[in-house]
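Trainee: Input query.cif, format and content: mmCIF, C-alpha atoms.
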```
data_input
loop_
_atom_site.label_atom_id
_atom_site.label_comp_id
_atom_site.auth_asym_id
_atom_site.auth_seq_id
_atom_site.Cartn_x
_atom_site.Cartn_y
_atom_site.Cartn_z
CA MET A 153 -11.42 112.46 -26.74
CA SER A 154 -8.27 113.71 -25.03
CA SER A 155 -4.75 113.41 -26.36
CA LYS A 156 -3.89 110.81 -23.71
CA GLU A 157 -6.72 108.55 -24.86
CA ALA A 158 -5.69 108.92 -28.50
CA ALA A 159 -2.02 108.19 -27.73
CA ALA A 160 -2.69 105.15 -25.54
CA PRO A 161 -2.12 101.87 -27.38
CA PRO A 162 -4.99 99.43 -27.37
CA LYS A 163 -4.89 96.55 -24.92
CA GLN A 164 -3.66 93.36 -26.54
CA GLY A 165 -4.26 89.69 -25.98
CA THR A 166 -4.98 89.41 -22.26
CA ASP A 167 -8.08 89.94 -20.21
CA ASP A 168 -8.26 90.92 -16.58
CA ASP A 169 -7.25 87.40 -15.47
CA GLY A 170 -3.67 87.89 -16.73
CA MET A 171 -3.54 84.80 -18.93
CA SER A 172 -1.67 85.10 -22.20
CA TRP A 173 -3.23 83.82 -25.41
CA TRP A 174 -0.95 80.80 -25.67
CA TYR A 175 -1.61 79.71 -22.07
CA ARG A 176 -5.34 80.10 -22.64
CA TRP A 177 -5.04 77.81 -25.69
CA ILE A 178 -3.02 75.26 -23.69
CA CYS A 179 -5.77 75.22 -21.07
CA LYS A 180 -8.43 74.77 -23.75
CA LEU A 181 -6.44 71.98 -25.42
CA ALA A 182 -6.03 70.24 -22.07
CA GLY A 183 -9.78 70.59 -21.54
CA VAL A 184 -10.51 68.97 -24.91
CA LEU A 185 -8.06 66.12 -24.26
CA GLY A 186 -9.48 65.72 -20.76
CA GLY A 187 -13.00 65.53 -22.19
CA ILE A 188 -11.96 62.90 -24.70
CA SER A 189 -10.23 60.78 -22.05
CA CYS A 190 -13.14 61.15 -19.61
CA ALA A 191 -15.69 60.19 -22.26
CA THR A 192 -13.69 57.20 -23.50
CA MET A 193 -12.88 55.79 -20.09
CA GLY A 194 -16.34 56.65 -18.77
CA VAL A 195 -18.01 54.56 -21.46
CA TRP A 196 -15.48 51.78 -20.83
CA ASN A 197 -16.23 52.01 -17.10
CA CYS A 198 -19.96 51.56 -17.74
CA VAL A 199 -19.40 48.14 -19.33
CA THR A 200 -19.67 46.23 -16.07
CA VAL A 201 -22.20 44.92 -13.58
CA ASN A 202 -20.85 46.79 -10.58
CA PRO A 203 -23.18 49.74 -9.83
CA LEU A 204 -20.39 51.93 -8.45
CA ASN A 205 -18.42 51.49 -11.68
CA ILE A 206 -21.50 52.44 -13.68
CA ALA A 207 -22.09 55.53 -11.53
CA ALA A 208 -18.44 56.58 -11.86
CA GLY A 209 -18.60 56.04 -15.62
CA VAL A 210 -21.76 58.13 -15.96
CA TRP A 211 -20.13 60.89 -13.91
CA MET A 212 -17.07 60.76 -16.16
CA VAL A 213 -19.22 61.13 -19.27
CA LEU A 214 -20.99 64.05 -17.58
CA THR A 215 -17.58 65.60 -16.82
CA ALA A 216 -16.63 65.20 -20.48
CA CYS A 217 -19.82 66.98 -21.57
CA VAL A 218 -19.18 69.84 -19.16
CA LEU A 219 -15.57 70.16 -20.36
CA PHE A 220 -16.72 70.29 -23.98
CA LEU A 221 -19.46 72.82 -23.22
CA CYS A 222 -17.16 75.12 -21.26
CA GLU A 223 -13.96 74.89 -23.29
CA VAL A 224 -15.05 74.29 -26.90
CA PRO A 225 -18.69 75.26 -27.37
CA PHE A 226 -18.41 75.09 -31.17
CA CYS A 227 -18.28 71.29 -30.82
CA CYS A 228 -21.79 71.48 -29.36
CA GLN A 229 -23.27 73.90 -31.90
CA PHE A 230 -26.61 72.07 -32.06
CA VAL A 231 -27.16 72.35 -28.31
CA GLU A 232 -29.15 75.55 -27.84
CA PHE A 233 -27.76 76.52 -24.45
CA ALA A 234 -24.09 75.79 -25.24
CA ASN A 235 -23.13 79.40 -25.98
CA VAL A 236 -24.82 80.63 -22.79
CA ILE A 237 -22.88 78.12 -20.69
CA ALA A 238 -19.61 78.93 -22.48
CA ALA A 239 -20.12 82.66 -21.92
CA ARG A 240 -20.80 82.07 -18.23
CA ALA A 241 -17.74 79.80 -17.96
CA ASP A 242 -15.54 82.44 -19.62
CA ARG A 243 -16.57 84.95 -16.95
CA LEU A 244 -15.35 82.67 -14.17
CA LYS A 245 -12.02 83.42 -12.58
CA PRO A 246 -9.24 80.85 -13.17
CA TRP A 247 -9.30 79.64 -9.56
CA GLN A 248 -13.04 78.98 -9.83
CA LYS A 249 -12.53 76.92 -12.98
CA ALA A 250 -9.66 75.08 -11.27
CA LEU A 251 -11.80 74.18 -8.29
CA PHE A 252 -14.71 73.12 -10.50
CA TYR A 253 -12.65 70.96 -12.88
CA CYS A 254 -10.57 69.32 -10.15
CA GLY A 255 -13.66 68.60 -8.08
CA MET A 256 -15.47 67.04 -11.02
CA ALA A 257 -12.40 64.94 -11.83
CA LEU A 258 -11.86 63.71 -8.26
CA PHE A 259 -15.44 62.62 -7.55
CA PRO A 260 -15.41 59.41 -9.67
CA ILE A 261 -12.01 58.45 -8.26
CA PHE A 262 -13.42 58.64 -4.73
CA LEU A 263 -16.59 56.89 -5.83
CA ARG A 264 -14.81 53.88 -7.32
CA PHE A 265 -11.02 53.77 -7.42
CA SER A 266 -9.79 51.88 -10.47
CA ILE A 267 -7.28 52.30 -13.27
CA THR A 268 -9.94 53.52 -15.70
CA THR A 269 -11.23 56.22 -13.34
CA LEU A 270 -7.70 57.27 -12.44
CA PHE A 271 -6.37 57.54 -15.99
CA GLY A 272 -9.65 58.80 -17.40
CA ASN A 273 -9.77 61.76 -15.03
CA ALA A 274 -6.05 62.55 -14.97
CA ILE A 275 -6.11 64.99 -17.90
CA ALA A 276 -9.30 66.64 -16.66
CA PHE A 277 -7.61 67.12 -13.29
CA ALA A 278 -4.53 68.49 -15.08
CA THR A 279 -6.78 71.05 -16.77
CA GLY A 280 -7.89 72.20 -13.33
CA VAL A 281 -4.28 72.38 -12.22
CA LEU A 282 -3.39 74.52 -15.24
CA TYR A 283 -6.20 76.94 -14.40
CA GLY A 284 -5.05 76.93 -10.78
CA LEU A 285 -1.54 77.87 -11.85
CA ALA A 286 -2.99 80.67 -13.96
CA SER A 287 -4.72 82.08 -10.91
CA LEU A 288 -1.36 82.48 -9.17
CA GLY A 289 -0.38 85.13 -11.69
CA LYS A 290 2.78 85.89 -13.61
CA LYS A 291 6.23 85.36 -12.23
CA GLY A 292 8.00 88.55 -11.19
CA ASP A 293 11.13 89.76 -12.94
CA ALA A 294 14.59 89.79 -11.37
CA VAL A 295 14.95 93.59 -11.40
CA SER A 296 11.87 94.25 -9.27
CA TYR A 297 12.89 91.43 -6.90
CA ALA A 298 16.37 92.97 -6.50
CA ARG A 299 14.81 96.37 -5.76
CA LEU A 300 12.55 94.79 -3.17
CA GLN A 301 15.50 93.08 -1.50
CA HIS A 302 17.51 96.33 -1.53
CA HIS A 303 14.66 98.25 0.12
CA LYS A 304 14.24 95.49 2.68
CA GLN A 305 17.95 95.58 3.52
CA SER A 306 17.97 99.37 3.88
CA ASP A 307 14.91 99.22 6.15
CA GLU A 308 16.67 96.68 8.38
CA GLU A 309 19.75 98.92 8.55
CA LYS A 310 17.62 101.88 9.60
CA LEU A 311 16.04 99.84 12.37
CA THR A 312 19.37 98.65 13.76
CA GLY A 313 21.16 101.96 13.16
CA THR A 314 24.08 100.40 11.30
CA THR A 315 25.14 100.52 7.69
CA ASP A 316 28.29 98.42 7.68
CA GLY A 317 26.87 95.36 9.41
CA SER A 318 28.76 95.81 12.72
CA VAL A 319 26.93 95.65 16.03
CA PRO A 320 27.02 98.92 18.08
#
```
Represent the supplied structure as structure tokens.
Mentor:
Amino acid sequence: MSSKEAAAPPKQGTDDDGMSWWYRWICKLAGVLGGISCATMGVWNCVTVNPLNIAAGVWMVLTACVLFLCEVPFCCQFVEFANVIAARADRLKPWQKALFYCGMALFPIFLRFSITTLFGNAIAFATGVLYGLASLGKKGDAVSYARLQHHKQSDEEKLTGTTDGSVP
């Protein structure tokens, strides 16, 4: 072990996806709330005679199960494959989760547009949006932006051959 390795502080709180611990918990909380709303409205949607409503309701309940399995696997502790699915879902990049969650939330709305499908899938869609925002990365600080602008301005001055802004 070299002195550099011994002096280096351990990595804290974030993985390679760049999400902080509190944002990760917000995404998980949104996933749980989205699962609850999808399950509730999905069951309510199934209480009808219209086959498209029943299909949309079944899809919403399936979406709720997937959200629970991926975000909070300890709620499904008696399902044998829950930890395997949760581990695989944790390895996905945020943009992949965003695409998956938004796609699963939009399908019942396109299948049968109604208030129950719209409101039932809104929080699940918002979970996908949160993961999509996480894939964009952190916002840059003002100091590095000012340096970038200064370098850009000096490069433009070199190209034109002026430093005071007058035209030769």
Trainee: For each of A:Ala208, A:Leu219, A:Leu251, A:Val184, take the minimum atom-to-atom distance to Ser287 of chain A, counting all atoms listed in the file, then give the residue where this is smallest.
Mentor: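 Of A:Ala208, A:Leu219, A:Leu251, A:Val184, the one nearest Ser287 of chain A is A:Leu251, counting all atoms listed in the file.
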Trainee: Counting all atoms listed in the file, which of A:Phe265, A:Val236, A:Phe230, A:Ser296 gets nearest to Ala207 of chain A?
Mentor: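 For Ala207 of chain A, the nearest of the candidates is A:Phe265.
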Trainee: What lies within 9 Å of Ala216 of chain A using all atoms listed in the file, ignoring chain neighbours under 6 positions off, as a list in words?
Mentor: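 Everything that qualifies: Gly183, Val184, Gly186, Gly187, Ile188, Ser189, Cys190, Ala191, Gly194 and Ala276 of chain A.
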Trainee: Go ahead and save the picked residues with C-alpha atoms, as a PDB file, keeping the file's coordinate frame.
Mentor:
```pdb
ATOM      1  CA  GLY A 183      -9.780  70.590 -21.540  1.00  0.00           C
ATOM      2  CA  VAL A 184     -10.510  68.970 -24.910  1.00  0.00           C
ATOM      3  CA  GLY A 186      -9.480  65.720 -20.760  1.00  0.00           C
ATOM      4  CA  GLY A 187     -13.000  65.530 -22.190  1.00  0.00           C
ATOM      5  CA  ILE A 188     -11.960  62.900 -24.700  1.00  0.00           C
ATOM      6  CA  SER A 189     -10.230  60.780 -22.050  1.00  0.00           C
ATOM      7  CA  CYS A 190     -13.140  61.150 -19.610  1.00  0.00           C
ATOM      8  CA  ALA A 191     -15.690  60.190 -22.260  1.00  0.00           C
ATOM      9  CA  GLY A 194     -16.340  56.650 -18.770  1.00  0.00           C
ATOM     10  CA  ALA A 276      -9.300  66.640 -16.660  1.00  0.00           C
TER      11      ALA A 276
END
```
Trainee: For the structure provided, state which residues fall under the PyMOL selection byres ((chain A and resi 264) around 10), and present them as a list in words.
Mentor: Asn202, Pro203, Leu204, Asn205, Ile206, Ala207, Ala208, Gly209, Phe259, Pro260, Ile261, Phe262, Leu263, Phe265, Ser266, Ile267, Thr268, Thr269 and Leu270 of chain A
Trainee: Return the padded bounding box of segment 211-229 of chain A as AutoDock Vina command-line options: axis-aligned, built from all atoms listed in the file, 8 Å added on each side, with centre and edge lengths in Å to one decimal.
Mentor:
```
--center_x -18.6 --center_y 68.0 --center_z -22.9 --size_x 25.3 --size_y 30.5 --size_z 34.0
```
Trainee: Running the PyMOL selection byres ((chain A and resi 169-179) around 9) on this model by hand, what would come out? Give it as a list of chain:residue names.
Mentor: A:Gly165, A:Thr166, A:Asp167, A:Asp168, A:Lys180, A:Leu181, A:Ala182, A:Gly183, A:Val184, A:Glu223, A:Lys245, A:Pro246, A:Thr279, A:Gly280, A:Leu282, A:Tyr283, A:Ala286, A:Ser287, A:Gly289, A:Lys290
Trainee: Check which residues satisfy the PyMOL selection byres ((chain A and resi 225-227) around 12) in the file shown, then give them as a list of chain:residue names.
Mentor: A:Lys180, A:Gly183, A:Val184, A:Gly187, A:Cys217, A:Val218, A:Leu219, A:Phe220, A:Leu221, A:Cys222, A:Glu223, A:Val224, A:Cys228, A:Gln229, A:Phe230, A:Val231, A:Glu232, A:Phe233, A:Ala234, A:Asn235, A:Val236, A:Ile237, A:Ala238, A:Ala239, A:Arg240, A:Ala241, A:Asp242
Trainee: Give the answer as one residue: which of A:Ala298, A:Gly255, A:Val213, A:Ser306 has the shortest atom-to-atom distance to Cys198 of chain A, using only C-alpha atoms?
Mentor: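 Smallest distance to Cys198 of chain A is found for A:Val213.
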Trainee: Enter the distance from atom CA of Val195 of chain A to atom CA of Phe271 of chain A, in Å, rounded to one decimal.
Mentor: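 Between atom CA of Val195 of chain A and atom CA of Phe271 of chain A the gap is 13.2 Å.
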Trainee: Between A:Leu258, A:Gln248, A:Arg243, A:Gln301, which has the minimum distance to Trp211 of chain A (counting only C-alpha atoms)?
Mentor: A:Leu258
Trainee: Just to confirm, what's the straight-line distance from atom CA of Thr200 of chain A to atom CA of Leu214 of chain A in Å (one decimal)?
Mentor: 17.9 Å
Trainee: Find the distance between atom CA of Ala257 of chain A and atom CA of Lys291 of chain A and write it in Å to one decimal.
Mentor: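 A separation of 27.6 Å between them.
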Trainee: Could you get me a file of segment 253-299 of chain A with N, CA and C atoms, as a compact mmCIF listing (two decimals), in the first residue's frame, taken from the block above?
Mentor:
```txt
# COMPACT_ATOMS: atom_id res chain seq x y z
N TYR A 253 -39.56 3.45 -16.51
CA TYR A 253 -40.68 3.88 -15.68
C TYR A 253 -41.66 4.76 -16.46
N CYS A 254 -41.15 5.67 -17.27
CA CYS A 254 -42.05 6.52 -18.06
C CYS A 254 -42.81 5.71 -19.10
N GLY A 255 -42.14 4.75 -19.71
CA GLY A 255 -42.82 3.90 -20.69
C GLY A 255 -43.91 3.06 -20.06
N MET A 256 -43.61 2.49 -18.88
CA MET A 256 -44.64 1.70 -18.20
C MET A 256 -45.80 2.56 -17.73
N ALA A 257 -45.54 3.81 -17.40
CA ALA A 257 -46.61 4.70 -16.94
C ALA A 257 -47.45 5.24 -18.09
N LEU A 258 -46.87 5.39 -19.27
CA LEU A 258 -47.61 5.94 -20.40
C LEU A 258 -48.49 4.92 -21.11
N PHE A 259 -48.11 3.65 -21.05
CA PHE A 259 -48.85 2.63 -21.80
C PHE A 259 -50.34 2.57 -21.43
N PRO A 260 -50.73 2.52 -20.15
CA PRO A 260 -52.17 2.48 -19.85
C PRO A 260 -52.91 3.75 -20.24
N ILE A 261 -52.21 4.88 -20.26
CA ILE A 261 -52.86 6.13 -20.67
C ILE A 261 -53.19 6.07 -22.16
N PHE A 262 -52.28 5.52 -22.96
CA PHE A 262 -52.55 5.37 -24.38
C PHE A 262 -53.57 4.26 -24.65
N LEU A 263 -53.58 3.27 -23.80
CA LEU A 263 -54.53 2.16 -23.96
C LEU A 263 -55.96 2.64 -23.72
N ARG A 264 -56.18 3.33 -22.64
CA ARG A 264 -57.52 3.84 -22.30
C ARG A 264 -57.35 5.13 -21.51
N PHE A 265 -57.58 6.25 -22.17
CA PHE A 265 -57.43 7.55 -21.51
C PHE A 265 -58.63 7.82 -20.63
N SER A 266 -58.37 7.95 -19.34
CA SER A 266 -59.42 8.33 -18.38
C SER A 266 -58.74 9.02 -17.20
N ILE A 267 -59.55 9.56 -16.32
CA ILE A 267 -59.01 10.26 -15.15
C ILE A 267 -58.24 9.29 -14.25
N THR A 268 -58.75 8.08 -14.09
CA THR A 268 -58.08 7.13 -13.20
C THR A 268 -56.73 6.70 -13.76
N THR A 269 -56.63 6.50 -15.08
CA THR A 269 -55.33 6.13 -15.63
C THR A 269 -54.36 7.31 -15.60
N LEU A 270 -54.90 8.50 -15.82
CA LEU A 270 -54.04 9.68 -15.83
C LEU A 270 -53.47 9.97 -14.44
N PHE A 271 -54.35 10.03 -13.44
CA PHE A 271 -53.89 10.34 -12.08
C PHE A 271 -53.17 9.16 -11.44
N GLY A 272 -53.54 7.96 -11.80
CA GLY A 272 -52.89 6.78 -11.24
C GLY A 272 -51.45 6.63 -11.69
N ASN A 273 -51.16 7.05 -12.91
CA ASN A 273 -49.81 6.91 -13.45
C ASN A 273 -48.97 8.18 -13.35
N ALA A 274 -49.55 9.25 -12.84
CA ALA A 274 -48.83 10.52 -12.80
C ALA A 274 -47.59 10.44 -11.91
N ILE A 275 -47.71 9.83 -10.74
CA ILE A 275 -46.56 9.78 -9.83
C ILE A 275 -45.51 8.78 -10.34
N ALA A 276 -45.97 7.70 -10.96
CA ALA A 276 -45.01 6.76 -11.55
C ALA A 276 -44.24 7.43 -12.69
N PHE A 277 -44.93 8.25 -13.48
CA PHE A 277 -44.26 9.00 -14.53
C PHE A 277 -43.30 10.02 -13.93
N ALA A 278 -43.70 10.65 -12.83
CA ALA A 278 -42.83 11.62 -12.15
C ALA A 278 -41.57 10.94 -11.62
N THR A 279 -41.68 9.68 -11.21
CA THR A 279 -40.49 8.94 -10.79
C THR A 279 -39.53 8.79 -11.95
N GLY A 280 -40.05 8.47 -13.12
CA GLY A 280 -39.21 8.40 -14.31
C GLY A 280 -38.58 9.72 -14.66
N VAL A 281 -39.32 10.80 -14.48
CA VAL A 281 -38.78 12.13 -14.74
C VAL A 281 -37.65 12.46 -13.77
N LEU A 282 -37.82 12.09 -12.50
CA LEU A 282 -36.76 12.32 -11.51
C LEU A 282 -35.49 11.57 -11.88
N TYR A 283 -35.63 10.33 -12.31
CA TYR A 283 -34.46 9.57 -12.75
C TYR A 283 -33.87 10.17 -14.02
N GLY A 284 -34.70 10.69 -14.89
CA GLY A 284 -34.20 11.35 -16.09
C GLY A 284 -33.41 12.60 -15.77
N LEU A 285 -33.89 13.37 -14.79
CA LEU A 285 -33.13 14.55 -14.36
C LEU A 285 -31.81 14.16 -13.72
N ALA A 286 -31.79 13.03 -13.03
CA ALA A 286 -30.54 12.57 -12.43
C ALA A 286 -29.53 12.17 -13.49
N SER A 287 -30.00 11.72 -14.63
CA SER A 287 -29.06 11.32 -15.68
C SER A 287 -28.40 12.53 -16.35
N LEU A 288 -29.00 13.71 -16.18
CA LEU A 288 -28.38 14.91 -16.76
C LEU A 288 -27.12 15.32 -16.02
N GLY A 289 -27.02 14.95 -14.75
CA GLY A 289 -25.83 15.26 -13.98
C GLY A 289 -26.02 16.50 -13.13
N LYS A 290 -24.96 16.81 -12.38
CA LYS A 290 -25.01 17.97 -11.48
C LYS A 290 -24.85 19.26 -12.25
N LYS A 291 -25.39 20.30 -11.66
CA LYS A 291 -25.27 21.63 -12.23
C LYS A 291 -23.86 22.15 -11.97
N GLY A 292 -23.28 22.82 -12.95
CA GLY A 292 -21.94 23.36 -12.79
C GLY A 292 -21.92 24.58 -11.89
N ASP A 293 -20.76 24.88 -11.32
CA ASP A 293 -20.66 26.04 -10.44
C ASP A 293 -20.33 27.29 -11.25
N ALA A 294 -20.52 28.44 -10.66
CA ALA A 294 -20.36 29.71 -11.35
C ALA A 294 -18.89 30.00 -11.68
N VAL A 295 -17.97 29.55 -10.86
CA VAL A 295 -16.55 29.83 -11.09
C VAL A 295 -16.06 29.13 -12.36
N SER A 296 -16.39 27.85 -12.51
CA SER A 296 -15.94 27.15 -13.71
C SER A 296 -16.63 27.70 -14.95
N TYR A 297 -17.89 28.14 -14.84
CA TYR A 297 -18.57 28.75 -15.98
C TYR A 297 -17.91 30.07 -16.36
N ALA A 298 -17.50 30.87 -15.38
CA ALA A 298 -16.83 32.14 -15.67
C ALA A 298 -15.48 31.90 -16.34
N ARG A 299 -14.75 30.87 -15.88
CA ARG A 299 -13.47 30.53 -16.53
C ARG A 299 -13.69 30.11 -17.97
```
